[in-house]
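**Student:** Handing over entry_26.txt, compact mmCIF, C-alpha atoms (C1' of nucleotides).
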# COMPACT_ATOMS: atom_id res chain seq x y z
CA MET A 30 91.50 -16.49 210.95
CA THR A 31 93.47 -14.95 213.75
CA LYS A 32 96.60 -13.05 212.95
CA THR A 33 98.50 -14.81 215.67
CA ALA A 34 97.60 -18.13 214.11
CA MET A 35 100.01 -17.56 211.27
CA PRO A 36 102.79 -20.09 211.71
CA GLY A 37 106.13 -18.61 212.61
CA PHE A 38 104.60 -15.26 213.43
CA SER A 39 104.60 -13.72 216.86
CA PRO A 40 103.94 -10.13 217.89
CA CYS A 41 107.05 -8.06 218.39
CA ASN A 42 108.54 -8.81 221.79
CA ASN A 43 110.28 -5.48 221.77
CA ALA A 44 107.12 -3.49 221.06
CA THR A 45 105.22 -5.41 223.72
CA LEU A 46 107.94 -4.77 226.26
CA ARG A 47 108.18 -1.08 225.49
CA ARG A 48 104.44 -0.65 225.59
CA ALA A 49 104.25 -2.22 229.03
CA ALA A 50 107.17 -0.08 230.17
CA ARG A 51 105.40 3.09 229.05
CA LYS A 52 102.28 2.16 230.94
CA LEU A 53 103.94 1.03 234.13
CA SER A 54 106.32 3.97 234.15
CA ARG A 55 103.44 6.35 233.91
CA PHE A 56 101.84 4.70 236.91
CA TYR A 57 104.95 4.85 239.06
CA ASP A 58 105.66 8.38 237.83
CA ASP A 59 102.19 9.53 238.78
CA VAL A 60 102.46 8.10 242.26
CA ILE A 61 105.87 9.56 243.05
CA ALA A 62 105.17 12.83 241.27
CA PRO A 63 104.61 14.75 244.54
CA SER A 64 108.32 14.28 245.22
CA GLY A 65 109.22 16.00 241.99
CA LEU A 66 111.21 12.99 240.81
CA LYS A 67 110.59 10.69 237.86
CA GLY A 68 110.87 6.95 238.22
CA THR A 69 114.23 6.82 236.52
CA GLN A 70 115.63 9.50 238.75
CA TYR A 71 114.39 7.71 241.82
CA GLY A 72 115.96 4.48 240.62
CA LEU A 73 119.19 6.30 239.98
CA LEU A 74 119.27 7.87 243.43
CA TYR A 75 118.65 4.44 244.87
CA GLN A 76 121.50 2.89 242.90
CA ILE A 77 123.83 5.60 244.09
CA TYR A 78 122.61 5.10 247.63
CA VAL A 79 123.25 1.35 247.73
CA GLY A 80 126.58 1.67 245.97
CA SER A 81 129.71 2.79 247.79
CA GLU A 82 130.29 6.08 246.05
CA PRO A 83 130.07 4.20 242.76
CA ALA A 84 131.88 5.26 239.62
CA MET A 85 129.68 6.40 236.77
CA GLY A 86 130.65 3.39 234.69
CA THR A 87 129.65 1.09 237.52
CA ILE A 88 126.22 2.66 237.78
CA ALA A 89 125.78 2.50 234.02
CA GLU A 90 126.56 -1.22 234.07
CA GLU A 91 124.21 -1.94 236.93
CA MET A 92 121.40 -0.06 235.27
CA VAL A 93 122.26 -1.47 231.84
CA MET A 94 122.35 2.05 230.55
CA ASP A 95 124.66 3.83 228.17
CA LEU A 96 127.37 5.76 230.01
CA SER A 97 126.62 9.01 228.24
CA ALA A 98 122.90 8.55 228.84
CA LEU A 99 123.69 8.21 232.51
CA GLY A 100 125.69 11.41 232.38
CA HIS A 101 122.76 13.27 230.86
CA THR A 102 120.29 11.79 233.34
CA LEU A 103 122.54 12.75 236.21
CA LYS A 104 122.61 16.41 235.27
CA PRO A 105 119.22 17.52 236.56
CA LEU A 106 119.94 15.66 239.80
CA ILE A 107 123.23 17.51 240.20
CA ARG A 108 121.59 20.79 239.24
CA ASP A 109 118.95 20.25 241.91
CA GLY A 110 121.58 19.41 244.50
CA TYR A 111 120.66 15.77 245.10
CA VAL A 112 123.95 14.22 244.01
CA GLU A 113 127.52 15.31 243.56
CA THR A 114 130.46 13.86 241.67
CA PHE A 115 134.12 13.81 242.53
CA ALA A 116 137.27 12.39 241.00
CA ASP A 117 138.56 9.05 242.18
CA LYS A 118 141.74 9.42 244.18
CA ASP A 119 143.67 6.70 242.39
CA ASP A 120 142.40 7.08 238.82
CA ARG A 121 141.58 10.57 237.74
CA ARG A 122 139.64 9.32 234.76
CA VAL A 123 137.04 7.92 237.11
CA ARG A 124 134.26 10.08 238.49
CA ARG A 125 132.48 8.81 241.54
CA VAL A 126 129.00 9.82 242.60
CA ARG A 127 127.39 10.24 245.99
CA LEU A 128 124.13 11.56 247.41
CA THR A 129 124.09 14.89 249.17
CA LEU A 130 122.19 15.22 252.44
CA LEU A 131 119.38 16.78 250.44
CA GLY A 132 119.50 13.85 248.05
CA LEU A 133 119.31 11.35 250.86
CA ALA A 134 116.29 13.12 252.32
CA LYS A 135 114.65 13.19 248.88
CA LEU A 136 115.34 9.49 248.44
CA GLU A 137 113.71 8.69 251.76
CA GLU A 138 110.73 10.90 251.01
CA THR A 139 110.28 9.36 247.59
CA THR A 140 110.66 5.82 248.87
CA LYS A 141 107.47 6.26 250.86
CA LEU A 142 105.63 7.23 247.71
CA TRP A 143 107.33 4.50 245.71
CA SER A 144 106.14 1.82 248.09
CA PHE A 145 102.54 2.81 247.42
CA ALA A 146 103.06 2.18 243.74
CA GLN A 147 105.00 -0.99 244.34
CA GLN A 148 102.38 -2.39 246.71
CA ARG A 149 99.52 -1.37 244.50
CA PHE A 150 101.10 -3.09 241.53
CA GLU A 151 101.78 -6.26 243.46
CA ALA A 152 98.29 -6.26 244.88
CA LEU A 153 96.95 -6.16 241.33
CA VAL A 154 99.12 -8.85 239.77
CA GLY A 155 100.02 -10.81 242.88
CA GLN A 156 103.36 -10.91 244.65
CA GLN A 157 104.32 -14.22 243.16
CA ARG A 158 103.48 -13.24 239.62
CA ALA A 159 105.32 -9.96 240.07
CA ALA A 160 108.37 -11.89 241.20
CA ASP A 161 108.01 -14.22 238.22
CA LEU A 162 107.77 -11.27 235.89
CA ARG A 163 110.87 -9.67 237.35
CA ALA A 164 112.72 -12.95 237.00
CA MET A 165 111.84 -13.18 233.33
CA LEU A 166 112.76 -9.56 232.77
CA ASP A 167 116.10 -10.07 234.50
CA GLU A 168 116.68 -13.01 232.23
CA VAL A 169 115.98 -10.84 229.20
CA THR A 170 118.39 -8.28 230.58
CA GLU A 171 121.16 -10.81 231.10
CA LEU A 172 120.85 -12.57 227.75
CA ASP A 173 123.80 -12.58 225.41
CA TYR A 174 122.28 -11.60 222.09
CA GLU A 175 125.52 -11.73 220.18
CA VAL A 176 125.15 -13.49 216.91
CA PRO A 177 128.46 -15.14 216.07
CA PRO A 178 129.66 -13.47 212.87
CA ALA A 179 129.36 -15.77 209.88
CA ALA A 180 132.83 -14.96 208.64
CA PRO A 181 135.04 -13.71 211.44
CA SER A 182 137.28 -11.08 209.89
CA SER A 183 141.00 -11.38 210.70
CA MET B 25 121.45 -11.79 254.88
CA THR B 26 120.13 -11.20 251.44
CA LYS B 27 118.55 -7.89 250.61
CA THR B 28 115.62 -9.60 248.95
CA ALA B 29 115.00 -11.53 252.15
CA MET B 30 113.63 -8.47 253.86
CA PRO B 31 109.93 -9.07 254.40
CA GLY B 32 107.69 -6.86 252.36
CA PHE B 33 110.51 -5.71 250.16
CA SER B 34 110.78 -6.43 246.47
CA PRO B 35 112.98 -4.82 243.84
CA CYS B 36 111.26 -2.08 241.87
CA ASN B 37 109.09 -3.63 239.19
CA ASN B 38 109.29 -0.44 237.19
CA ALA B 39 113.08 -0.26 237.25
CA THR B 40 113.34 -3.92 236.30
CA LEU B 41 110.96 -3.45 233.41
CA ARG B 42 112.70 -0.36 232.11
CA ARG B 43 116.09 -1.98 232.38
CA ALA B 44 114.95 -4.95 230.33
CA ALA B 45 113.35 -2.62 227.80
CA ARG B 46 116.60 -0.71 227.37
CA LYS B 47 118.51 -3.90 226.76
CA LEU B 48 116.04 -5.52 224.40
CA SER B 49 115.48 -2.30 222.49
CA ARG B 50 119.17 -1.97 221.90
CA PHE B 51 119.23 -5.47 220.48
CA TYR B 52 116.32 -4.94 218.12
CA ASP B 53 117.67 -1.51 217.22
CA ASP B 54 121.06 -2.93 216.35
CA VAL B 55 119.58 -5.60 214.13
CA ILE B 56 117.27 -3.31 212.18
CA ALA B 57 119.80 -0.46 212.09
CA PRO B 58 120.70 -1.12 208.43
CA SER B 59 117.19 0.05 207.52
CA GLY B 60 117.79 3.39 209.20
CA LEU B 61 114.77 2.90 211.48
CA LYS B 62 114.61 2.55 215.23
CA GLY B 63 112.46 -0.11 216.84
CA THR B 64 109.80 2.36 217.84
CA GLN B 65 109.59 3.77 214.35
CA TYR B 66 109.27 0.31 212.89
CA GLY B 67 106.52 -0.52 215.34
CA LEU B 68 104.77 2.68 214.45
CA LEU B 69 104.94 2.02 210.70
CA TYR B 70 103.54 -1.42 211.38
CA GLN B 71 100.64 -0.05 213.41
CA ILE B 72 99.80 2.38 210.65
CA TYR B 73 100.04 -0.42 208.12
CA VAL B 74 97.63 -2.75 209.89
CA GLY B 75 95.23 0.05 210.69
CA SER B 76 92.84 1.46 208.12
CA GLU B 77 94.26 4.93 207.78
CA PRO B 78 94.00 5.23 211.56
CA ALA B 79 93.45 8.50 213.36
CA MET B 80 96.33 9.66 215.51
CA GLY B 81 94.34 9.14 218.66
CA THR B 82 93.60 5.59 217.64
CA ILE B 83 97.27 4.82 217.12
CA ALA B 84 98.15 6.43 220.42
CA GLU B 85 95.63 4.24 222.19
CA GLU B 86 96.81 1.08 220.53
CA MET B 87 100.41 1.83 221.36
CA VAL B 88 99.50 3.05 224.85
CA MET B 89 101.37 6.21 224.09
CA ASP B 90 100.67 9.84 224.84
CA LEU B 91 99.05 11.55 221.87
CA SER B 92 101.58 14.36 221.78
CA ALA B 93 104.43 11.87 222.08
CA LEU B 94 103.01 10.12 219.05
CA GLY B 95 102.94 13.41 217.19
CA HIS B 96 106.60 14.00 217.97
CA THR B 97 107.57 10.48 217.00
CA LEU B 98 105.70 10.79 213.75
CA LYS B 99 107.63 13.85 212.65
CA PRO B 100 110.86 12.26 211.48
CA LEU B 101 108.82 9.65 209.62
CA ILE B 102 106.88 12.37 207.84
CA ARG B 103 110.06 14.31 207.19
CA ASP B 104 111.63 11.23 205.61
CA GLY B 105 108.56 10.63 203.49
CA TYR B 106 107.44 7.33 205.01
CA VAL B 107 104.03 8.47 206.21
CA GLU B 108 101.60 11.25 205.50
CA THR B 109 98.66 12.69 207.38
CA PHE B 110 95.37 14.04 206.13
CA ALA B 111 92.22 15.41 207.67
CA ASP B 112 89.27 13.12 208.23
CA LYS B 113 86.43 13.91 205.87
CA ASP B 114 83.69 13.91 208.50
CA ASP B 115 85.51 15.40 211.46
CA ARG B 116 88.11 17.96 210.64
CA ARG B 117 89.62 17.72 214.10
CA VAL B 118 90.77 14.21 213.29
CA ARG B 119 94.01 13.61 211.45
CA ARG B 120 94.44 10.24 209.80
CA VAL B 121 97.74 8.67 208.93
CA ARG B 122 98.81 6.40 206.11
CA LEU B 123 102.02 4.95 204.72
CA THR B 124 103.45 6.32 201.52
CA LEU B 125 104.74 3.90 198.89
CA LEU B 126 108.22 4.62 200.17
CA GLY B 127 107.02 3.90 203.69
CA LEU B 128 105.50 0.60 202.64
CA ALA B 129 108.74 -0.43 200.97
CA LYS B 130 110.69 0.59 204.05
CA LEU B 131 108.33 -1.40 206.24
CA GLU B 132 108.81 -4.51 204.13
CA GLU B 133 112.56 -4.07 204.05
CA THR B 134 112.70 -3.60 207.80
CA THR B 135 110.43 -6.52 208.51
CA LYS B 136 113.04 -8.85 207.09
CA LEU B 137 115.60 -7.46 209.51
CA TRP B 138 113.10 -7.47 212.35
CA SER B 139 112.41 -11.16 211.92
CA PHE B 140 116.08 -11.91 212.50
CA ALA B 141 115.90 -10.17 215.85
CA GLN B 142 112.56 -11.72 216.71
CA GLN B 143 113.73 -15.23 215.83
CA ARG B 144 117.03 -14.80 217.61
CA PHE B 145 115.27 -13.65 220.75
CA GLU B 146 112.82 -16.51 220.67
CA ALA B 147 115.58 -19.01 220.01
CA LEU B 148 117.31 -17.73 223.14
CA VAL B 149 114.37 -17.71 225.53
CA GLY B 150 112.14 -20.23 223.80
CA GLN B 151 108.97 -19.56 221.85
CA GLN B 152 106.72 -20.61 224.68
CA ARG B 153 108.48 -18.50 227.28
CA ALA B 154 108.48 -15.56 224.90
CA ALA B 155 104.73 -15.97 224.49
CA ASP B 156 104.33 -16.20 228.28
CA LEU B 157 106.38 -13.06 228.72
CA ARG B 158 104.30 -11.17 226.19
CA ALA B 159 101.14 -12.34 227.92
CA MET B 160 102.35 -11.03 231.25
CA LEU B 161 103.44 -7.76 229.70
CA ASP B 162 100.07 -7.37 228.00
CA GLU B 163 98.46 -7.93 231.36
CA VAL B 164 100.61 -5.20 232.88
CA THR B 165 99.60 -2.93 230.03
CA GLU B 166 95.90 -3.58 230.48
CA LEU B 167 95.80 -3.21 234.25
CA ASP B 168 93.65 -0.54 235.78
CA TYR B 169 95.95 1.11 238.30
CA GLU B 170 93.42 3.62 239.48
CA VAL B 171 93.37 3.94 243.20
CA PRO B 172 89.87 4.91 244.27
CA PRO B 173 90.22 8.33 245.86
CA ALA B 174 89.86 8.20 249.63
CA ALA B 175 87.52 11.15 249.73
CA PRO B 176 85.82 11.70 246.40
CA SER B 177 85.48 15.44 246.02
CA SER B 178 82.06 16.66 244.93
C1' DT C 6 70.43 28.81 217.11
C1' DT C 7 74.05 29.88 220.34
C1' DC C 8 77.42 29.25 223.62
C1' DA C 9 79.62 26.26 227.08
C1' DA C 10 81.79 21.77 227.40
C1' DT C 11 84.19 18.20 225.17
C1' DT C 12 87.40 16.23 221.86
C1' DA C 13 91.65 15.93 218.69
C1' DG C 14 95.92 17.64 217.76
C1' DT C 15 99.98 20.89 218.02
C1' DG C 16 103.92 23.18 220.08
C1' DG C 17 106.88 24.07 223.92
C1' DC C 18 109.60 22.26 227.42
C1' DA C 19 111.85 18.65 230.13
C1' DT C 20 113.65 14.24 230.94
C1' DA C 21 115.23 9.49 228.97
C1' DT C 22 118.36 7.29 226.19
C1' DA C 23 121.47 6.14 222.43
C1' DC C 24 125.52 6.77 219.33
C1' DC C 25 129.57 9.23 217.86
C1' DA C 26 133.57 12.09 218.20
C1' DC C 27 136.67 13.96 221.30
C1' DT C 28 139.58 14.68 225.66
C1' DA C 29 141.99 13.19 229.59
C1' DT C 30 144.23 9.39 231.87
C1' DT C 31 146.21 5.24 232.56
C1' DC C 32 148.48 1.10 231.04
C1' DC C 33 151.80 -1.54 228.67
C1' DG C 34 155.20 -3.23 225.54
C1' DG C 35 159.76 -2.28 223.90
C1' DC D 12 161.02 6.27 229.75
C1' DC D 13 157.94 6.73 225.60
C1' DG D 14 154.48 6.36 222.49
C1' DG D 15 150.43 3.61 221.04
C1' DA D 16 146.30 1.13 222.85
C1' DA D 17 142.78 0.91 226.08
C1' DT D 18 139.59 3.13 229.50
C1' DA D 19 136.35 6.73 231.60
C1' DG D 20 133.74 10.58 230.80
C1' DT D 21 131.83 14.72 228.26
C1' DG D 22 129.28 17.18 224.72
C1' DG D 23 126.63 17.18 220.57
C1' DT D 24 122.80 15.48 218.12
C1' DA D 25 118.73 12.76 217.45
C1' DT D 26 114.87 10.11 218.74
C1' DA D 27 111.44 8.67 222.64
C1' DT D 28 108.08 10.13 225.67
C1' DG D 29 105.34 12.78 228.86
C1' DC D 30 102.80 16.98 230.63
C1' DC D 31 100.80 21.39 229.99
C1' DA D 32 98.79 25.16 227.58
C1' DC D 33 96.60 26.38 223.54
C1' DT D 34 93.78 26.14 219.06
C1' DA D 35 90.34 24.25 216.14
C1' DA D 36 86.27 21.71 215.60
C1' DT D 37 82.28 19.27 217.18
C1' DT D 38 78.60 18.32 220.28
C1' DG D 39 74.82 19.29 223.30
C1' DA D 40 71.74 21.64 226.03
C1' DA D 41 68.92 25.70 226.87
Go ahead and render the structure in this file as structure tokens.
**Tutor:**
Amino acid sequence: MTKTAMPGFSPCNNATLRRAARKLSRFYDDVIAPSGLKGTQYGLLYQIYVGSEPAMGTIAEEMVMDLSALGHTLKPLIRDGYVETFADKDDRRVRRVRLTLLGLAKLEETTKLWSFAQQRFEALVGQQRAADLRAMLDEVTELDYEVPPAAPSS
Amino acid sequence: MTKTAMPGFSPCNNATLRRAARKLSRFYDDVIAPSGLKGTQYGLLYQIYVGSEPAMGTIAEEMVMDLSALGHTLKPLIRDGYVETFADKDDRRVRRVRLTLLGLAKLEETTKLWSFAQQRFEALVGQQRAADLRAMLDEVTELDYEVPPAAPSS
DNA sequence: TTCAATTAGTGGCATATACCACTATTCCGG
DNA sequence: CCGGAATAGTGGTATATGCCACTAATTGAA
């Protein structure tokens, strides 16, 4: 009897997702490694690039990432001179982020490498299936998992 | 004009996958938090449980995880007394892993919490779509990304 | 049998990512 | 205008994960 035949049982969606993420990340990381960036860093530079000097909170939302995690991830990029932060003029709580010239050059350099990985992946799974996969993943990302509390307090 | 309308361009599959993984992991993590375990730790205990005192390398392969990463991840579980390692009788290089009684109890306790998360997720996206998603993710995991070297040296 | 090559893990280091506690600002009701 | 509530980030701590260098053990070929 197959394990998956047990009624009501399904393999952990979370574990399956993380496993795939590990594997795919390693592939993208390997391909863009000559740039010295990791996949996450590249994605972050790209987000900053397409945003209009976005606030940290804005980036965190777009990347569905914890704000403090973003802060930590940003540090090596600041240290290496790819991005810089500055206070918002109207709200001094807000820190905005922009690419430096060096960062922009690095982004362009890395994009060339990235497109190898992207094309290779889509050649393997097919463009349509890749698009389908992204659509499902975006759906997972946008889901509202909130379980309404049984007894709302107050 | 839409960004995605640019021919040949598609959003980064890797970034999309990681983003979804962050979100879903946070959900599973939140639900099983009362057990004191993280999703990865739970998955790891489960792998050890279903294996027959698996060697570390075997677990790493099954989880598609770097062997040293597995070693690091195992440490807090050993520290907390959930798992223990021992040398293989026939090959002293090999370290095998098993659950302790405490670890087994923790696994059972956490499985109850896990099934809430699993069921909630599948209620939201549908059992069939969840199965489809896992199938696609497994495919991504199993892909052979190797690009044949242009000029094989030697 | 003996030594080079391979295999299995470990430890160090770096990034990825989360939560919590804390600070600095801003906002808002009275 | 003032003080409490809300908002934006930072820093600390812990796990997650990978690569590299290194050790220990096994294997294999001369």
**Student:** Could you tell me which residues of chain B sit within 9 Å of chain C when counting only C-alpha atoms (C1' of nucleotides), and give me the result as a PyMOL selection string?
**Tutor:** chain B and resi 46+50+80-81+91-92+95+117-119
**Student:** Would you put the residues from that selection into a file with C-alpha atoms, as an mmCIF file, in the coordinates of the input?
**Tutor:**
data_model
loop_
_atom_site.group_PDB
_atom_site.id
_atom_site.type_symbol
_atom_site.label_atom_id
_atom_site.label_comp_id
_atom_site.auth_asym_id
_atom_site.auth_seq_id
_atom_site.Cartn_x
_atom_site.Cartn_y
_atom_site.Cartn_z
ATOM 1 C CA ARG B 46 116.600 -0.710 227.370
ATOM 2 C CA ARG B 50 119.170 -1.970 221.900
ATOM 3 C CA MET B 80 96.330 9.660 215.510
ATOM 4 C CA GLY B 81 94.340 9.140 218.660
ATOM 5 C CA LEU B 91 99.050 11.550 221.870
ATOM 6 C CA SER B 92 101.580 14.360 221.780
ATOM 7 C CA GLY B 95 102.940 13.410 217.190
ATOM 8 C CA ARG B 117 89.620 17.720 214.100
ATOM 9 C CA VAL B 118 90.770 14.210 213.290
ATOM 10 C CA ARG B 119 94.010 13.610 211.450
#
**Student:** When you draw a straight line from atom CA of Ile107 of chain A to atom CA of Ala93 of chain B, how long is it in Å?
**Tutor:** 26.7 Å
**Student:** Between atom CA of Thr170 of chain A and atom CA of Leu48 of chain B, what is the distance in Å, rounded to a tenth?
**Tutor:**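 The value is 7.2 Å.
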**Student:** Any chance you could dump chain A, least-squares fitted to chain B on all C-alpha atoms in order, as a compact mmCIF listing (two decimals) with C-alpha atoms, keeping the file's coordinate frame?
**Tutor:**
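Saved to selection_4.txt:
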# COMPACT_ATOMS: atom_id res chain seq x y z
CA MET A 30 121.51 -11.83 254.89
CA THR A 31 120.17 -11.24 251.44
CA LYS A 32 118.57 -7.94 250.65
CA THR A 33 115.65 -9.63 248.99
CA ALA A 34 115.00 -11.56 252.17
CA MET A 35 113.67 -8.49 253.89
CA PRO A 36 109.97 -9.08 254.41
CA GLY A 37 107.72 -6.85 252.38
CA PHE A 38 110.57 -5.73 250.18
CA SER A 39 110.81 -6.44 246.50
CA PRO A 40 113.00 -4.82 243.86
CA CYS A 41 111.30 -2.09 241.89
CA ASN A 42 109.13 -3.64 239.20
CA ASN A 43 109.31 -0.45 237.22
CA ALA A 44 113.11 -0.28 237.26
CA THR A 45 113.36 -3.94 236.31
CA LEU A 46 110.96 -3.46 233.43
CA ARG A 47 112.72 -0.38 232.12
CA ARG A 48 116.11 -2.01 232.38
CA ALA A 49 114.95 -4.98 230.34
CA ALA A 50 113.35 -2.63 227.82
CA ARG A 51 116.61 -0.74 227.38
CA LYS A 52 118.52 -3.92 226.75
CA LEU A 53 116.04 -5.53 224.41
CA SER A 54 115.48 -2.32 222.50
CA ARG A 55 119.16 -1.98 221.89
CA PHE A 56 119.23 -5.49 220.48
CA TYR A 57 116.32 -4.95 218.12
CA ASP A 58 117.67 -1.51 217.21
CA ASP A 59 121.05 -2.94 216.34
CA VAL A 60 119.57 -5.60 214.12
CA ILE A 61 117.27 -3.30 212.18
CA ALA A 62 119.77 -0.46 212.07
CA PRO A 63 120.70 -1.11 208.41
CA SER A 64 117.20 0.07 207.52
CA GLY A 65 117.79 3.39 209.20
CA LEU A 66 114.77 2.91 211.46
CA LYS A 67 114.61 2.54 215.23
CA GLY A 68 112.45 -0.10 216.83
CA THR A 69 109.79 2.38 217.82
CA GLN A 70 109.58 3.77 214.34
CA TYR A 71 109.27 0.32 212.88
CA GLY A 72 106.51 -0.51 215.33
CA LEU A 73 104.76 2.69 214.43
CA LEU A 74 104.94 2.03 210.70
CA TYR A 75 103.53 -1.41 211.37
CA GLN A 76 100.64 -0.03 213.40
CA ILE A 77 99.82 2.39 210.64
CA TYR A 78 100.06 -0.41 208.11
CA VAL A 79 97.63 -2.74 209.88
CA GLY A 80 95.22 0.06 210.69
CA SER A 81 92.83 1.46 208.10
CA GLU A 82 94.24 4.93 207.76
CA PRO A 83 94.00 5.23 211.54
CA ALA A 84 93.47 8.50 213.35
CA MET A 85 96.36 9.67 215.48
CA GLY A 86 94.36 9.16 218.65
CA THR A 87 93.62 5.59 217.62
CA ILE A 88 97.29 4.83 217.11
CA ALA A 89 98.17 6.45 220.42
CA GLU A 90 95.64 4.24 222.19
CA GLU A 91 96.84 1.08 220.52
CA MET A 92 100.43 1.84 221.36
CA VAL A 93 99.53 3.08 224.85
CA MET A 94 101.41 6.23 224.09
CA ASP A 95 100.70 9.86 224.81
CA LEU A 96 99.06 11.59 221.84
CA SER A 97 101.60 14.39 221.75
CA ALA A 98 104.45 11.90 222.05
CA LEU A 99 103.03 10.15 219.03
CA GLY A 100 102.94 13.43 217.16
CA HIS A 101 106.61 14.05 217.92
CA THR A 102 107.59 10.50 216.98
CA LEU A 103 105.70 10.80 213.73
CA LYS A 104 107.62 13.86 212.60
CA PRO A 105 110.86 12.26 211.45
CA LEU A 106 108.82 9.65 209.59
CA ILE A 107 106.87 12.36 207.79
CA ARG A 108 110.05 14.32 207.14
CA ASP A 109 111.62 11.23 205.58
CA GLY A 110 108.56 10.62 203.44
CA TYR A 111 107.43 7.33 204.97
CA VAL A 112 104.02 8.46 206.20
CA GLU A 113 101.59 11.24 205.46
CA THR A 114 98.66 12.68 207.36
CA PHE A 115 95.38 14.03 206.11
CA ALA A 116 92.22 15.42 207.66
CA ASP A 117 89.27 13.13 208.21
CA LYS A 118 86.43 13.94 205.85
CA ASP A 119 83.71 13.95 208.48
CA ASP A 120 85.54 15.44 211.47
CA ARG A 121 88.14 18.01 210.69
CA ARG A 122 89.64 17.72 214.14
CA VAL A 123 90.79 14.23 213.29
CA ARG A 124 94.02 13.62 211.42
CA ARG A 125 94.44 10.26 209.79
CA VAL A 126 97.74 8.67 208.91
CA ARG A 127 98.80 6.40 206.08
CA LEU A 128 102.02 4.94 204.70
CA THR A 129 103.44 6.31 201.49
CA LEU A 130 104.72 3.89 198.86
CA LEU A 131 108.20 4.61 200.16
CA GLY A 132 107.01 3.88 203.67
CA LEU A 133 105.49 0.59 202.64
CA ALA A 134 108.72 -0.45 200.95
CA LYS A 135 110.69 0.57 204.05
CA LEU A 136 108.32 -1.42 206.25
CA GLU A 137 108.80 -4.51 204.12
CA GLU A 138 112.56 -4.08 204.05
CA THR A 139 112.70 -3.60 207.80
CA THR A 140 110.42 -6.52 208.51
CA LYS A 141 113.05 -8.85 207.09
CA LEU A 142 115.59 -7.46 209.51
CA TRP A 143 113.09 -7.46 212.36
CA SER A 144 112.40 -11.15 211.93
CA PHE A 145 116.06 -11.91 212.53
CA ALA A 146 115.88 -10.17 215.87
CA GLN A 147 112.55 -11.71 216.72
CA GLN A 148 113.72 -15.22 215.86
CA ARG A 149 117.01 -14.80 217.62
CA PHE A 150 115.26 -13.66 220.77
CA GLU A 151 112.80 -16.52 220.69
CA ALA A 152 115.56 -19.00 220.03
CA LEU A 153 117.30 -17.75 223.16
CA VAL A 154 114.35 -17.72 225.55
CA GLY A 155 112.13 -20.25 223.82
CA GLN A 156 108.95 -19.57 221.88
CA GLN A 157 106.71 -20.60 224.71
CA ARG A 158 108.47 -18.50 227.30
CA ALA A 159 108.47 -15.55 224.93
CA ALA A 160 104.73 -15.95 224.53
CA ASP A 161 104.33 -16.19 228.30
CA LEU A 162 106.37 -13.06 228.75
CA ARG A 163 104.30 -11.16 226.22
CA ALA A 164 101.14 -12.32 227.94
CA MET A 165 102.35 -11.01 231.28
CA LEU A 166 103.45 -7.76 229.73
CA ASP A 167 100.08 -7.34 228.03
CA GLU A 168 98.47 -7.91 231.38
CA VAL A 169 100.62 -5.18 232.90
CA THR A 170 99.63 -2.92 230.04
CA GLU A 171 95.93 -3.56 230.50
CA LEU A 172 95.83 -3.19 234.28
CA ASP A 173 93.67 -0.50 235.80
CA TYR A 174 95.97 1.14 238.31
CA GLU A 175 93.44 3.66 239.49
CA VAL A 176 93.39 3.96 243.21
CA PRO A 177 89.87 4.91 244.28
CA PRO A 178 90.18 8.33 245.91
CA ALA A 179 89.75 8.14 249.67
CA ALA A 180 87.39 11.08 249.76
CA PRO A 181 85.69 11.59 246.42
CA SER A 182 85.33 15.34 246.01
CA SER A 183 81.89 16.57 244.92
**Student:** Once you count all atoms listed in the file, which residues of chain B turn out to be within 7 Å of chain A? Could you give them as a PyMOL selection string?
**Tutor:** chain B and resi 36-45+47-49+67+87-88+142+158+161-162+164-165
**Student:** Quick one: pull the distance between atom C1' of DA25 of chain D and atom CA of Tyr73 of chain B, Å, one decimal.
**Tutor:**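 According to the coordinates, atom C1' of DA25 of chain D and atom CA of Tyr73 of chain B are separated by 24.7 Å.
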**Student:** Using all atoms listed in the file, which of D:DT34, D:DA40, D:DC12, D:DG20 sits nearest chain A?
**Tutor:**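 Closest to chain A, using all atoms listed in the file: D:DG20.
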**Student:** Identify all chain D residues at most 8 Å from chain B by counting only C-alpha atoms (C1' of nucleotides); ligands do not count. Present them as a list in words.
**Tutor:**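 Taking only C-alpha atoms (C1' of nucleotides) into account, DT26, DA27, DT28, DG29, DA35, DA36 and DT37 of chain D sit within 8 Å of chain B.
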**Student:** Using the file's own x, y and z axes, so that the box edges lie along x, y and z, what centre and edge lengths in Å (one decimal) does a box around every listed atom of segment 6-21 of chain C get when 5 Å is added on each side? Give it as lines of an AutoDock Vina configuration file.
**Tutor:**
center_x = 92.8
center_y = 19.7
center_z = 224.0
size_x = 54.8
size_y = 30.4
size_z = 23.8
